[in-house]
file input_1.pdb (PDB, C-alpha atoms)
ATOM      1  CA  MET A 277      15.310 -17.739   0.999  1.00  0.00           C
ATOM      2  CA  SER A 278      14.674 -18.023  -2.739  1.00  0.00           C
ATOM      3  CA  ARG A 279      11.200 -17.538  -4.125  1.00  0.00           C
ATOM      4  CA  LYS A 280      11.049 -21.253  -4.873  1.00  0.00           C
ATOM      5  CA  ASP A 281      11.341 -21.884  -1.123  1.00  0.00           C
ATOM      6  CA  LEU A 282       8.427 -19.633  -0.156  1.00  0.00           C
ATOM      7  CA  VAL A 283       5.543 -21.050   1.849  1.00  0.00           C
ATOM      8  CA  SER A 284       2.463 -21.801  -0.296  1.00  0.00           C
ATOM      9  CA  ILE A 285      -0.975 -21.183   1.197  1.00  0.00           C
ATOM     10  CA  ASN A 286      -4.571 -21.298  -0.028  1.00  0.00           C
ATOM     11  CA  PRO A 287      -6.986 -18.316   0.061  1.00  0.00           C
ATOM     12  CA  ASN A 288      -8.417 -19.236   3.468  1.00  0.00           C
ATOM     13  CA  GLU A 289      -4.958 -19.597   4.952  1.00  0.00           C
ATOM     14  CA  LEU A 290      -3.952 -16.317   3.324  1.00  0.00           C
ATOM     15  CA  LYS A 291      -6.654 -14.377   5.145  1.00  0.00           C
ATOM     16  CA  ASP A 292      -5.709 -15.999   8.464  1.00  0.00           C
ATOM     17  CA  PHE A 293      -2.047 -15.187   7.844  1.00  0.00           C
ATOM     18  CA  LEU A 294      -2.724 -11.557   6.909  1.00  0.00           C
ATOM     19  CA  ASN A 295      -5.012 -11.190   9.918  1.00  0.00           C
ATOM     20  CA  HIS A 296      -2.116 -12.317  12.105  1.00  0.00           C
ATOM     21  CA  ILE A 297       0.269  -9.873  10.370  1.00  0.00           C
ATOM     22  CA  ILE A 298      -2.138  -6.974  10.920  1.00  0.00           C
ATOM     23  CA  SER A 299      -2.508  -7.843  14.620  1.00  0.00           C
ATOM     24  CA  ASN A 300       1.255  -8.080  14.966  1.00  0.00           C
ATOM     25  CA  ASN A 301       1.734  -4.781  13.099  1.00  0.00           C
ATOM     26  CA  ARG A 302      -0.538  -3.059  15.590  1.00  0.00           C
ATOM     27  CA  HIS A 303       1.569  -4.406  18.436  1.00  0.00           C
ATOM     28  CA  LEU A 304       4.749  -3.226  16.699  1.00  0.00           C
ATOM     29  CA  GLN A 305       3.356   0.274  16.154  1.00  0.00           C
ATOM     30  CA  GLU A 306       2.254   0.531  19.780  1.00  0.00           C
ATOM     31  CA  ASN A 307       5.864  -0.155  20.740  1.00  0.00           C
ATOM     32  CA  GLY A 308       7.287   2.416  18.359  1.00  0.00           C
ATOM     33  CA  LYS A 309       8.409  -0.064  15.704  1.00  0.00           C
ATOM     34  CA  GLY A 310       7.606  -0.180  12.002  1.00  0.00           C
ATOM     35  CA  PRO A 311       4.936  -2.515  10.604  1.00  0.00           C
ATOM     36  CA  VAL A 312       5.687  -5.339   8.182  1.00  0.00           C
ATOM     37  CA  ALA A 313       4.478  -5.395   4.562  1.00  0.00           C
ATOM     38  CA  VAL A 314       3.454  -8.624   2.810  1.00  0.00           C
ATOM     39  CA  GLU A 315       3.750  -9.574  -0.864  1.00  0.00           C
ATOM     40  CA  VAL A 316       1.291 -12.175  -2.184  1.00  0.00           C
ATOM     41  CA  ILE A 317       2.616 -13.960  -5.272  1.00  0.00           C
ATOM     42  CA  GLY A 318       0.284 -15.995  -7.463  1.00  0.00           C
ATOM     43  CA  GLU A 319      -0.981 -16.812 -10.922  1.00  0.00           C
ATOM     44  CA  SER A 320      -3.422 -14.473 -12.623  1.00  0.00           C
ATOM     45  CA  GLY A 321      -7.055 -14.882 -11.534  1.00  0.00           C
ATOM     46  CA  ILE A 322      -6.303 -17.008  -8.477  1.00  0.00           C
ATOM     47  CA  GLY A 323      -7.951 -14.594  -6.039  1.00  0.00           C
ATOM     48  CA  LYS A 324      -5.093 -12.509  -4.634  1.00  0.00           C
ATOM     49  CA  THR A 325      -6.843  -9.162  -4.846  1.00  0.00           C
ATOM     50  CA  SER A 326     -10.343 -10.404  -3.990  1.00  0.00           C
ATOM     51  CA  SER A 327      -9.071 -12.162  -0.841  1.00  0.00           C
ATOM     52  CA  ILE A 328      -7.473  -8.923   0.374  1.00  0.00           C
ATOM     53  CA  ILE A 329     -10.605  -6.887  -0.394  1.00  0.00           C
ATOM     54  CA  GLN A 330     -12.689  -9.399   1.572  1.00  0.00           C
ATOM     55  CA  LEU A 331     -10.272  -9.196   4.498  1.00  0.00           C
ATOM     56  CA  ALA A 332     -10.454  -5.403   4.625  1.00  0.00           C
ATOM     57  CA  ASP A 333     -14.256  -5.598   4.617  1.00  0.00           C
ATOM     58  CA  GLU A 334     -14.313  -8.252   7.356  1.00  0.00           C
ATOM     59  CA  LEU A 335     -11.974  -6.211   9.562  1.00  0.00           C
ATOM     60  CA  GLY A 336     -13.813  -2.938   8.915  1.00  0.00           C
ATOM     61  CA  LEU A 337     -10.677  -1.277   7.542  1.00  0.00           C
ATOM     62  CA  ASN A 338     -10.398   1.488   4.986  1.00  0.00           C
ATOM     63  CA  PHE A 339      -9.157   0.130   1.663  1.00  0.00           C
ATOM     64  CA  VAL A 340      -7.087   1.758  -1.080  1.00  0.00           C
ATOM     65  CA  LYS A 341      -5.974  -0.152  -4.184  1.00  0.00           C
ATOM     66  CA  LEU A 342      -3.269   1.282  -6.408  1.00  0.00           C
ATOM     67  CA  ASN A 343      -2.476  -0.489  -9.654  1.00  0.00           C
ATOM     68  CA  LEU A 344       1.065   0.744 -10.171  1.00  0.00           C
ATOM     69  CA  ALA A 345       1.152  -0.431 -13.797  1.00  0.00           C
ATOM     70  CA  GLN A 346      -1.684   1.978 -14.642  1.00  0.00           C
ATOM     71  CA  ILE A 347      -0.178   5.082 -13.024  1.00  0.00           C
ATOM     72  CA  GLU A 348       1.588   7.386 -15.461  1.00  0.00           C
ATOM     73  CA  GLU A 349       2.879  10.197 -13.227  1.00  0.00           C
ATOM     74  CA  ILE A 350       5.075   9.720 -10.149  1.00  0.00           C
ATOM     75  CA  GLY A 351       3.206  12.597  -8.513  1.00  0.00           C
ATOM     76  CA  ASP A 352      -0.045  10.597  -8.639  1.00  0.00           C
ATOM     77  CA  LEU A 353       1.676   7.980  -6.502  1.00  0.00           C
ATOM     78  CA  VAL A 354       3.725   9.956  -3.999  1.00  0.00           C
ATOM     79  CA  GLY A 355       2.254  13.465  -4.177  1.00  0.00           C
ATOM     80  CA  PHE A 356       3.420  16.667  -5.817  1.00  0.00           C
ATOM     81  CA  PRO A 357       6.077  19.083  -4.513  1.00  0.00           C
ATOM     82  CA  ILE A 358       4.888  22.245  -2.801  1.00  0.00           C
ATOM     83  CA  ARG A 359       6.871  25.263  -1.583  1.00  0.00           C
ATOM     84  CA  GLN A 360       6.647  26.202   2.088  1.00  0.00           C
ATOM     85  CA  PHE A 361       7.651  29.457   3.786  1.00  0.00           C
ATOM     86  CA  GLU A 362       8.817  29.847   7.370  1.00  0.00           C
ATOM     87  CA  MET A 363       6.575  32.214   9.328  1.00  0.00           C
ATOM     88  CA  THR A 364       6.700  33.368  12.915  1.00  0.00           C
ATOM     89  CA  ASN A 365       4.796  35.300  15.572  1.00  0.00           C
ATOM     90  CA  ASP A 366       5.377  35.883  19.289  1.00  0.00           C
ATOM     91  CA  LYS A 367       4.469  32.286  20.155  1.00  0.00           C
ATOM     92  CA  GLN A 368       5.664  29.953  17.409  1.00  0.00           C
ATOM     93  CA  THR A 369       7.631  29.491  14.210  1.00  0.00           C
ATOM     94  CA  LEU A 370       6.476  27.088  11.519  1.00  0.00           C
ATOM     95  CA  PHE A 371       6.614  26.323   7.807  1.00  0.00           C
ATOM     96  CA  VAL A 372       3.416  27.150   5.925  1.00  0.00           C
ATOM     97  CA  ASP A 373       2.269  25.897   2.511  1.00  0.00           C
ATOM     98  CA  GLU A 374       2.546  28.569  -0.173  1.00  0.00           C
ATOM     99  CA  HIS A 375      -1.207  28.953  -0.682  1.00  0.00           C
ATOM    100  CA  LEU A 376      -1.770  29.554   3.069  1.00  0.00           C
ATOM    101  CA  VAL A 377       0.816  32.308   3.538  1.00  0.00           C
ATOM    102  CA  GLU A 378      -1.672  35.174   3.179  1.00  0.00           C
ATOM    103  CA  ASP A 379      -4.046  33.603   5.722  1.00  0.00           C
ATOM    104  CA  TYR A 380      -1.223  33.420   8.267  1.00  0.00           C
ATOM    105  CA  ARG A 381      -0.245  37.030   7.551  1.00  0.00           C
ATOM    106  CA  LYS A 382      -3.774  38.070   8.542  1.00  0.00           C
ATOM    107  CA  GLU A 383      -3.277  36.212  11.833  1.00  0.00           C
ATOM    108  CA  GLY A 384      -0.181  38.238  12.645  1.00  0.00           C
ATOM    109  CA  PHE A 385       2.546  35.956  11.317  1.00  0.00           C
ATOM    110  CA  LYS A 386       5.556  37.367   9.499  1.00  0.00           C
ATOM    111  CA  ALA A 387       7.807  35.649   6.959  1.00  0.00           C
ATOM    112  CA  THR A 388      11.391  34.991   8.081  1.00  0.00           C
ATOM    113  CA  GLY A 389      12.756  34.732   4.551  1.00  0.00           C
ATOM    114  CA  LYS A 390      13.431  31.012   4.794  1.00  0.00           C
ATOM    115  CA  ASN A 391      11.650  28.513   2.556  1.00  0.00           C
ATOM    116  CA  GLN A 392      11.754  24.810   1.718  1.00  0.00           C
ATOM    117  CA  MET A 393      10.325  22.314  -0.745  1.00  0.00           C
ATOM    118  CA  SER A 394       7.948  19.704   0.650  1.00  0.00           C
ATOM    119  CA  TYR A 395       5.478  17.135  -0.717  1.00  0.00           C
ATOM    120  CA  CYS A 396       1.740  17.213  -0.219  1.00  0.00           C
ATOM    121  CA  PRO A 397       0.015  13.858   0.422  1.00  0.00           C
ATOM    122  CA  PRO A 398      -1.438  12.319  -2.768  1.00  0.00           C
ATOM    123  CA  GLU A 399      -5.203  12.296  -3.268  1.00  0.00           C
ATOM    124  CA  TRP A 400      -5.550   8.585  -2.529  1.00  0.00           C
ATOM    125  CA  ILE A 401      -4.434   8.974   1.100  1.00  0.00           C
ATOM    126  CA  ALA A 402      -5.201  12.629   1.908  1.00  0.00           C
ATOM    127  CA  ASN A 403      -7.755  12.980   4.736  1.00  0.00           C
ATOM    128  CA  LYS A 404      -8.057   9.206   5.167  1.00  0.00           C
ATOM    129  CA  GLU A 405      -8.865   8.041   8.679  1.00  0.00           C
ATOM    130  CA  ASN A 406      -6.802   5.682  10.815  1.00  0.00           C
ATOM    131  CA  GLY A 407      -7.044   1.981  10.084  1.00  0.00           C
ATOM    132  CA  GLY A 408      -6.712   0.698   6.538  1.00  0.00           C
ATOM    133  CA  ILE A 409      -5.065  -1.515   3.947  1.00  0.00           C
ATOM    134  CA  LEU A 410      -3.022  -0.073   1.098  1.00  0.00           C
ATOM    135  CA  LEU A 411      -2.875  -2.633  -1.714  1.00  0.00           C
ATOM    136  CA  LEU A 412      -0.161  -2.152  -4.329  1.00  0.00           C
ATOM    137  CA  ASP A 413      -1.737  -4.390  -6.948  1.00  0.00           C
ATOM    138  CA  ASP A 414       0.360  -6.159  -9.620  1.00  0.00           C
ATOM    139  CA  TRP A 415       3.275  -4.101  -8.403  1.00  0.00           C
ATOM    140  CA  ASN A 416       5.994  -5.996 -10.292  1.00  0.00           C
ATOM    141  CA  ARG A 417       4.267  -5.126 -13.593  1.00  0.00           C
ATOM    142  CA  ALA A 418       4.980  -1.426 -13.021  1.00  0.00           C
ATOM    143  CA  ASP A 419       7.779   0.605 -14.540  1.00  0.00           C
ATOM    144  CA  GLN A 420      10.975   0.490 -12.462  1.00  0.00           C
ATOM    145  CA  ARG A 421      10.499   4.182 -11.586  1.00  0.00           C
ATOM    146  CA  PHE A 422       7.362   3.373  -9.652  1.00  0.00           C
ATOM    147  CA  ILE A 423       8.833   0.248  -8.061  1.00  0.00           C
ATOM    148  CA  GLN A 424      11.725   2.343  -6.759  1.00  0.00           C
ATOM    149  CA  ALA A 425       9.406   5.145  -5.620  1.00  0.00           C
ATOM    150  CA  VAL A 426       7.319   2.890  -3.382  1.00  0.00           C
ATOM    151  CA  MET A 427      10.278   1.226  -1.648  1.00  0.00           C
ATOM    152  CA  GLU A 428      10.515   3.989   0.980  1.00  0.00           C
ATOM    153  CA  LEU A 429       6.768   3.771   1.495  1.00  0.00           C
ATOM    154  CA  ILE A 430       6.920  -0.012   1.912  1.00  0.00           C
ATOM    155  CA  ASP A 431       9.892   0.167   4.261  1.00  0.00           C
ATOM    156  CA  ARG A 432       8.911   3.103   6.492  1.00  0.00           C
ATOM    157  CA  GLN A 433       5.281   3.907   5.568  1.00  0.00           C
ATOM    158  CA  GLN A 434       6.270   7.455   4.676  1.00  0.00           C
ATOM    159  CA  TYR A 435       7.509   9.509   1.751  1.00  0.00           C
ATOM    160  CA  ILE A 436       9.685  12.549   2.485  1.00  0.00           C
ATOM    161  CA  SER A 437       7.176  14.870   4.227  1.00  0.00           C
ATOM    162  CA  TRP A 438       4.031  12.758   4.682  1.00  0.00           C
ATOM    163  CA  SER A 439       3.204   9.431   6.309  1.00  0.00           C
ATOM    164  CA  LEU A 440       0.442   6.855   6.166  1.00  0.00           C
ATOM    165  CA  PRO A 441      -2.070   7.260   9.005  1.00  0.00           C
ATOM    166  CA  LYS A 442      -1.805   5.039  12.062  1.00  0.00           C
ATOM    167  CA  ASP A 443      -2.911   1.404  11.723  1.00  0.00           C
ATOM    168  CA  TRP A 444      -2.427   1.242   7.952  1.00  0.00           C
ATOM    169  CA  HIS A 445      -0.956  -1.926   6.466  1.00  0.00           C
ATOM    170  CA  ILE A 446       0.767  -2.311   3.090  1.00  0.00           C
ATOM    171  CA  LEU A 447       0.091  -5.421   1.015  1.00  0.00           C
ATOM    172  CA  LEU A 448       1.434  -6.179  -2.443  1.00  0.00           C
ATOM    173  CA  THR A 449       0.302  -8.600  -5.132  1.00  0.00           C
ATOM    174  CA  SER A 450       2.484  -9.877  -7.941  1.00  0.00           C
ATOM    175  CA  ASN A 451       2.668 -12.502 -10.656  1.00  0.00           C
ATOM    176  CA  PRO A 452       5.489 -15.069 -10.643  1.00  0.00           C
ATOM    177  CA  ASP A 453       8.716 -14.094 -12.374  1.00  0.00           C
ATOM    178  CA  ASN A 454       8.806 -17.419 -14.247  1.00  0.00           C
ATOM    179  CA  GLY A 455       8.749 -16.308 -17.872  1.00  0.00           C
ATOM    180  CA  ASP A 456       4.970 -16.612 -18.251  1.00  0.00           C
ATOM    181  CA  TYR A 457       4.246 -12.995 -17.271  1.00  0.00           C
ATOM    182  CA  LEU A 458       5.540  -9.599 -18.381  1.00  0.00           C
ATOM    183  CA  VAL A 459       6.960  -8.540 -15.009  1.00  0.00           C
ATOM    184  CA  ASN A 460      10.056  -6.829 -13.657  1.00  0.00           C
ATOM    185  CA  SER A 461      12.508  -8.799 -11.552  1.00  0.00           C
ATOM    186  CA  ILE A 462      12.824  -7.700  -7.920  1.00  0.00           C
ATOM    187  CA  ASP A 463      16.344  -7.536  -6.524  1.00  0.00           C
ATOM    188  CA  ASN A 464      17.469  -8.906  -3.158  1.00  0.00           C
ATOM    189  CA  ALA A 465      17.581  -5.471  -1.514  1.00  0.00           C
ATOM    190  CA  GLN A 466      13.918  -4.939  -2.371  1.00  0.00           C
ATOM    191  CA  LYS A 467      12.899  -8.418  -1.205  1.00  0.00           C
ATOM    192  CA  THR A 468      14.221  -7.745   2.305  1.00  0.00           C
ATOM    193  CA  ARG A 469      11.605  -5.038   2.854  1.00  0.00           C
ATOM    194  CA  PHE A 470       8.596  -7.347   3.007  1.00  0.00           C
ATOM    195  CA  ILE A 471       7.468 -10.911   3.655  1.00  0.00           C
ATOM    196  CA  SER A 472       6.521 -12.937   0.564  1.00  0.00           C
ATOM    197  CA  VAL A 473       4.115 -15.877   0.325  1.00  0.00           C
ATOM    198  CA  ASN A 474       2.822 -17.929  -2.616  1.00  0.00           C
ATOM    199  CA  LEU A 475      -0.924 -18.221  -3.098  1.00  0.00           C
ATOM    200  CA  LYS A 476      -1.918 -21.611  -4.490  1.00  0.00           C
ATOM    201  CA  PHE A 477      -5.158 -22.748  -6.058  1.00  0.00           C
ATOM    202  CA  ASP A 478      -7.330 -24.915  -3.808  1.00  0.00           C
ATOM    203  CA  ILE A 479     -10.345 -26.640  -5.338  1.00  0.00           C
ATOM    204  CA  ASN A 480     -12.137 -26.914  -1.982  1.00  0.00           C
ATOM    205  CA  CYS A 481     -11.785 -23.193  -1.276  1.00  0.00           C
ATOM    206  CA  TRP A 482     -13.048 -22.436  -4.763  1.00  0.00           C
ATOM    207  CA  GLY A 483     -15.979 -24.819  -4.313  1.00  0.00           C
ATOM    208  CA  VAL A 484     -17.111 -23.074  -1.119  1.00  0.00           C
ATOM    209  CA  TRP A 485     -16.780 -19.688  -2.800  1.00  0.00           C
ATOM    210  CA  ALA A 486     -18.732 -20.891  -5.861  1.00  0.00           C
ATOM    211  CA  GLU A 487     -21.535 -22.264  -3.715  1.00  0.00           C
ATOM    212  CA  ASN A 488     -21.770 -19.080  -1.635  1.00  0.00           C
ATOM    213  CA  ASN A 489     -21.934 -17.046  -4.831  1.00  0.00           C
ATOM    214  CA  GLN A 490     -24.566 -19.298  -6.408  1.00  0.00           C
ATOM    215  CA  ILE A 491     -22.383 -20.480  -9.274  1.00  0.00           C
ATOM    216  CA  ASP A 492     -24.162 -23.057 -11.459  1.00  0.00           C
ATOM    217  CA  GLY A 493     -23.739 -26.490  -9.867  1.00  0.00           C
ATOM    218  CA  ARG A 494     -22.595 -27.989 -13.154  1.00  0.00           C
ATOM    219  CA  TYR A 495     -19.446 -25.877 -12.937  1.00  0.00           C
ATOM    220  CA  ARG A 496     -18.914 -26.758  -9.286  1.00  0.00           C
ATOM    221  CA  ASP A 497     -19.189 -30.460 -10.094  1.00  0.00           C
ATOM    222  CA  GLY A 498     -16.758 -30.133 -12.989  1.00  0.00           C
ATOM    223  CA  LYS A 499     -19.295 -31.194 -15.608  1.00  0.00           C
TER     224      LYS A 499
END
call {"tool": "encode", "arguments": {"input": "input_1.pdb", "output": "structure tokens"}}
result
Amino acid sequence: MSRKDLVSINPNELKDFLNHIISNNRHLQENGKGPVAVEVIGESGIGKTSSIIQLADELGLNFVKLNLAQIEEIGDLVGFPIRQFEMTNDKQTLFVDEHLVEDYRKEGFKATGKNQMSYCPPEWIANKENGGILLLDDWNRADQRFIQAVMELIDRQQYISWSLPKDWHILLTSNPDNGDYLVNSIDNAQKTRFISVNLKFDINCWGVWAENNQIDGRYRDGK
């Protein structure tokens, strides 16, 4: 399916659709299968990000927004490498982060001489509880390095040695690749890793939002 053939939905329909995806993702995870990510494509200022923030609030989910175009270091996105040492005692053998080796020595563990390189979870997800939405905002505006780095995360919800907590759902927002925006093209291999939908402007949805937010009636009436 080309991007011109994508289903177009308004903000209200978007929230209903994402709600359905989240419910289905929970069912998939309960059955040992991977959840599905969703990309929301739309013009600037149409309400992509705000609709997702509202949904997370309505569902009582944790919310993390990463603007990939504003991240400068890969480590800030996927975590930094850390050396681990294998240690053992009479009951178990395990790999221990470098800074914890001395603590394990005091508990009777001994180093085996083996070590490995791992990755610690990045700050934005470390110690987060179960249940949340990870929003990769304006993701096709990012440098190709970051687009490539998040593909494993989008596909499997993990990166080398760490994983997203249970009941987390990945959503992406992007601007159309139509020549009006400074974005990177997404290849077919990348497109197969998520579902894409177009968000369209709907005057009735905007009118309800404007009224609920006490926008001057002259603007709502188009005067």
call {"tool": "atom_distance", "arguments": {"input": "input_1.pdb", "atom1": "CA of Phe356 in chain A", "atom2": "CA of Gln433 in chain A"}}
result
17.2 Å
call {"tool": "residues_around", "arguments": {"input": "input_1.pdb", "residues": "Phe293 in chain A", "least_positions_apart": "2", "cutoff": "12 Å", "atoms": "all atoms listed in the file", "output": "ChimeraX atom specification"}}
result
/A:283-291,295-300,314-316,327-328,331,471-475
call {"tool": "resolve_selection", "arguments": {"input": "input_1.pdb", "expression": "the PyMOL selection byres ((chain A and resi 425-432) around 9)", "output": "short mmCIF file (atom, residue, chain, number, x, y, z; two decimals) with C-alpha atoms, in the coordinates of the input"}}
result
data_model
loop_
_atom_site.label_atom_id
_atom_site.label_comp_id
_atom_site.auth_asym_id
_atom_site.auth_seq_id
_atom_site.Cartn_x
_atom_site.Cartn_y
_atom_site.Cartn_z
CA GLY A 310 7.61 -0.18 12.00
CA PRO A 311 4.94 -2.52 10.60
CA VAL A 312 5.69 -5.34 8.18
CA ALA A 313 4.48 -5.40 4.56
CA ILE A 350 5.08 9.72 -10.15
CA LEU A 353 1.68 7.98 -6.50
CA VAL A 354 3.72 9.96 -4.00
CA GLN A 420 10.98 0.49 -12.46
CA ARG A 421 10.50 4.18 -11.59
CA PHE A 422 7.36 3.37 -9.65
CA ILE A 423 8.83 0.25 -8.06
CA GLN A 424 11.72 2.34 -6.76
CA GLN A 433 5.28 3.91 5.57
CA GLN A 434 6.27 7.46 4.68
CA TYR A 435 7.51 9.51 1.75
CA ILE A 436 9.68 12.55 2.48
CA SER A 439 3.20 9.43 6.31
CA LEU A 440 0.44 6.86 6.17
CA ILE A 446 0.77 -2.31 3.09
CA LEU A 447 0.09 -5.42 1.01
CA GLN A 466 13.92 -4.94 -2.37
CA ARG A 469 11.60 -5.04 2.85
CA PHE A 470 8.60 -7.35 3.01
#
call {"tool": "resolve_selection", "arguments": {"input": "input_1.pdb", "expression": "the PyMOL selection byres ((chain A and resi 380) around 12)", "output": "PyMOL selection string"}}
result
chain A and resi 361-365+368-379+381-387
call {"tool": "axis_aligned_box", "arguments": {"input": "input_1.pdb", "around": "range 444-463 of chain A", "padding_each_side": "4 Å", "output": "AutoDock Vina command-line options"}}
result
--center_x 7.0 --center_y -8.1 --center_z -5.2 --size_x 26.8 --size_y 26.7 --size_z 34.3
call {"tool": "atom_distance", "arguments": {"input": "input_1.pdb", "atom1": "CA of Arg302 in chain A", "atom2": "CA of Asn406 in chain A"}}
result
11.8 Å
call {"tool": "atom_distance", "arguments": {"input": "input_1.pdb", "atom1": "CA of His303 in chain A", "atom2": "CA of Pro441 in chain A"}}
result
15.4 Å
call {"tool": "resolve_selection", "arguments": {"input": "input_1.pdb", "expression": "the PyMOL selection byres ((chain A and resi 346) around 12)", "output": "PyMOL selection string"}}
result
chain A and resi 341-345+347-350+352-353+412-419+422
call {"tool": "closest_residue", "arguments": {"input": "input_1.pdb", "among": "A:Asn403, A:Gln360, A:Val459, A:Leu337", "to": "Gly389 in chain A", "atoms": "only C-alpha atoms"}}
result
A:Gln360
call {"tool": "build_atoms", "arguments": {"input": "input_1.pdb", "residues": "range 465-472 of chain A", "atoms": "all heavy atoms", "output": "PDB file, in the coordinates of the input"}}
result
ATOM      1  N   ALA A 465      17.759  -6.589  -2.437  1.00  0.00           N
ATOM      2  CA  ALA A 465      17.581  -5.471  -1.514  1.00  0.00           C
ATOM      3  C   ALA A 465      16.101  -5.131  -1.350  1.00  0.00           C
ATOM      4  O   ALA A 465      15.643  -4.791  -0.254  1.00  0.00           O
ATOM      5  CB  ALA A 465      18.355  -4.251  -2.012  1.00  0.00           C
ATOM      6  N   GLN A 466      15.350  -5.220  -2.437  1.00  0.00           N
ATOM      7  CA  GLN A 466      13.918  -4.939  -2.371  1.00  0.00           C
ATOM      8  C   GLN A 466      13.172  -6.041  -1.628  1.00  0.00           C
ATOM      9  O   GLN A 466      12.249  -5.776  -0.864  1.00  0.00           O
ATOM     10  CB  GLN A 466      13.367  -4.761  -3.784  1.00  0.00           C
ATOM     11  CG  GLN A 466      13.909  -3.530  -4.498  1.00  0.00           C
ATOM     12  CD  GLN A 466      13.613  -3.541  -5.990  1.00  0.00           C
ATOM     13  OE1 GLN A 466      13.611  -4.586  -6.623  1.00  0.00           O
ATOM     14  NE2 GLN A 466      13.385  -2.366  -6.556  1.00  0.00           N
ATOM     15  N   LYS A 467      13.586  -7.288  -1.830  1.00  0.00           N
ATOM     16  CA  LYS A 467      12.899  -8.418  -1.205  1.00  0.00           C
ATOM     17  C   LYS A 467      12.999  -8.404   0.316  1.00  0.00           C
ATOM     18  O   LYS A 467      12.149  -8.975   1.000  1.00  0.00           O
ATOM     19  CB  LYS A 467      13.465  -9.735  -1.738  1.00  0.00           C
ATOM     20  CG  LYS A 467      13.212  -9.976  -3.217  1.00  0.00           C
ATOM     21  CD  LYS A 467      13.924 -11.233  -3.688  1.00  0.00           C
ATOM     22  CE  LYS A 467      13.828 -11.411  -5.189  1.00  0.00           C
ATOM     23  NZ  LYS A 467      14.601 -12.586  -5.671  1.00  0.00           N
ATOM     24  N   THR A 468      14.047  -7.765   0.851  1.00  0.00           N
ATOM     25  CA  THR A 468      14.221  -7.745   2.305  1.00  0.00           C
ATOM     26  C   THR A 468      13.240  -6.803   2.997  1.00  0.00           C
ATOM     27  O   THR A 468      13.172  -6.797   4.230  1.00  0.00           O
ATOM     28  CB  THR A 468      15.651  -7.318   2.673  1.00  0.00           C
ATOM     29  OG1 THR A 468      15.905  -5.993   2.186  1.00  0.00           O
ATOM     30  CG2 THR A 468      16.674  -8.282   2.073  1.00  0.00           C
ATOM     31  N   ARG A 469      12.489  -6.038   2.242  1.00  0.00           N
ATOM     32  CA  ARG A 469      11.605  -5.038   2.854  1.00  0.00           C
ATOM     33  C   ARG A 469      10.189  -5.546   3.086  1.00  0.00           C
ATOM     34  O   ARG A 469       9.329  -4.799   3.551  1.00  0.00           O
ATOM     35  CB  ARG A 469      11.577  -3.777   1.984  1.00  0.00           C
ATOM     36  CG  ARG A 469      12.971  -3.211   1.758  1.00  0.00           C
ATOM     37  CD  ARG A 469      12.958  -1.816   1.221  1.00  0.00           C
ATOM     38  NE  ARG A 469      14.301  -1.362   0.880  1.00  0.00           N
ATOM     39  CZ  ARG A 469      14.629  -0.106   0.618  1.00  0.00           C
ATOM     40  NH1 ARG A 469      13.700   0.820   0.666  1.00  0.00           N
ATOM     41  NH2 ARG A 469      15.858   0.230   0.314  1.00  0.00           N
ATOM     42  N   PHE A 470       9.930  -6.793   2.763  1.00  0.00           N
ATOM     43  CA  PHE A 470       8.596  -7.347   3.007  1.00  0.00           C
ATOM     44  C   PHE A 470       8.687  -8.863   3.106  1.00  0.00           C
ATOM     45  O   PHE A 470       9.694  -9.473   2.745  1.00  0.00           O
ATOM     46  CB  PHE A 470       7.615  -6.952   1.893  1.00  0.00           C
ATOM     47  CG  PHE A 470       8.177  -7.088   0.501  1.00  0.00           C
ATOM     48  CD1 PHE A 470       8.287  -8.329  -0.113  1.00  0.00           C
ATOM     49  CD2 PHE A 470       8.608  -5.968  -0.203  1.00  0.00           C
ATOM     50  CE1 PHE A 470       8.811  -8.458  -1.391  1.00  0.00           C
ATOM     51  CE2 PHE A 470       9.134  -6.075  -1.483  1.00  0.00           C
ATOM     52  CZ  PHE A 470       9.236  -7.328  -2.079  1.00  0.00           C
ATOM     53  N   ILE A 471       7.608  -9.456   3.609  1.00  0.00           N
ATOM     54  CA  ILE A 471       7.468 -10.911   3.655  1.00  0.00           C
ATOM     55  C   ILE A 471       6.730 -11.360   2.397  1.00  0.00           C
ATOM     56  O   ILE A 471       5.757 -10.721   1.989  1.00  0.00           O
ATOM     57  CB  ILE A 471       6.677 -11.346   4.903  1.00  0.00           C
ATOM     58  CG1 ILE A 471       7.418 -10.933   6.179  1.00  0.00           C
ATOM     59  CG2 ILE A 471       6.439 -12.849   4.901  1.00  0.00           C
ATOM     60  CD1 ILE A 471       6.605 -11.167   7.435  1.00  0.00           C
ATOM     61  N   SER A 472       7.181 -12.438   1.773  1.00  0.00           N
ATOM     62  CA  SER A 472       6.521 -12.937   0.564  1.00  0.00           C
ATOM     63  C   SER A 472       5.941 -14.326   0.814  1.00  0.00           C
ATOM     64  O   SER A 472       6.561 -15.161   1.487  1.00  0.00           O
ATOM     65  CB  SER A 472       7.508 -13.006  -0.605  1.00  0.00           C
ATOM     66  OG  SER A 472       7.961 -11.717  -0.958  1.00  0.00           O
TER      67      SER A 472
END
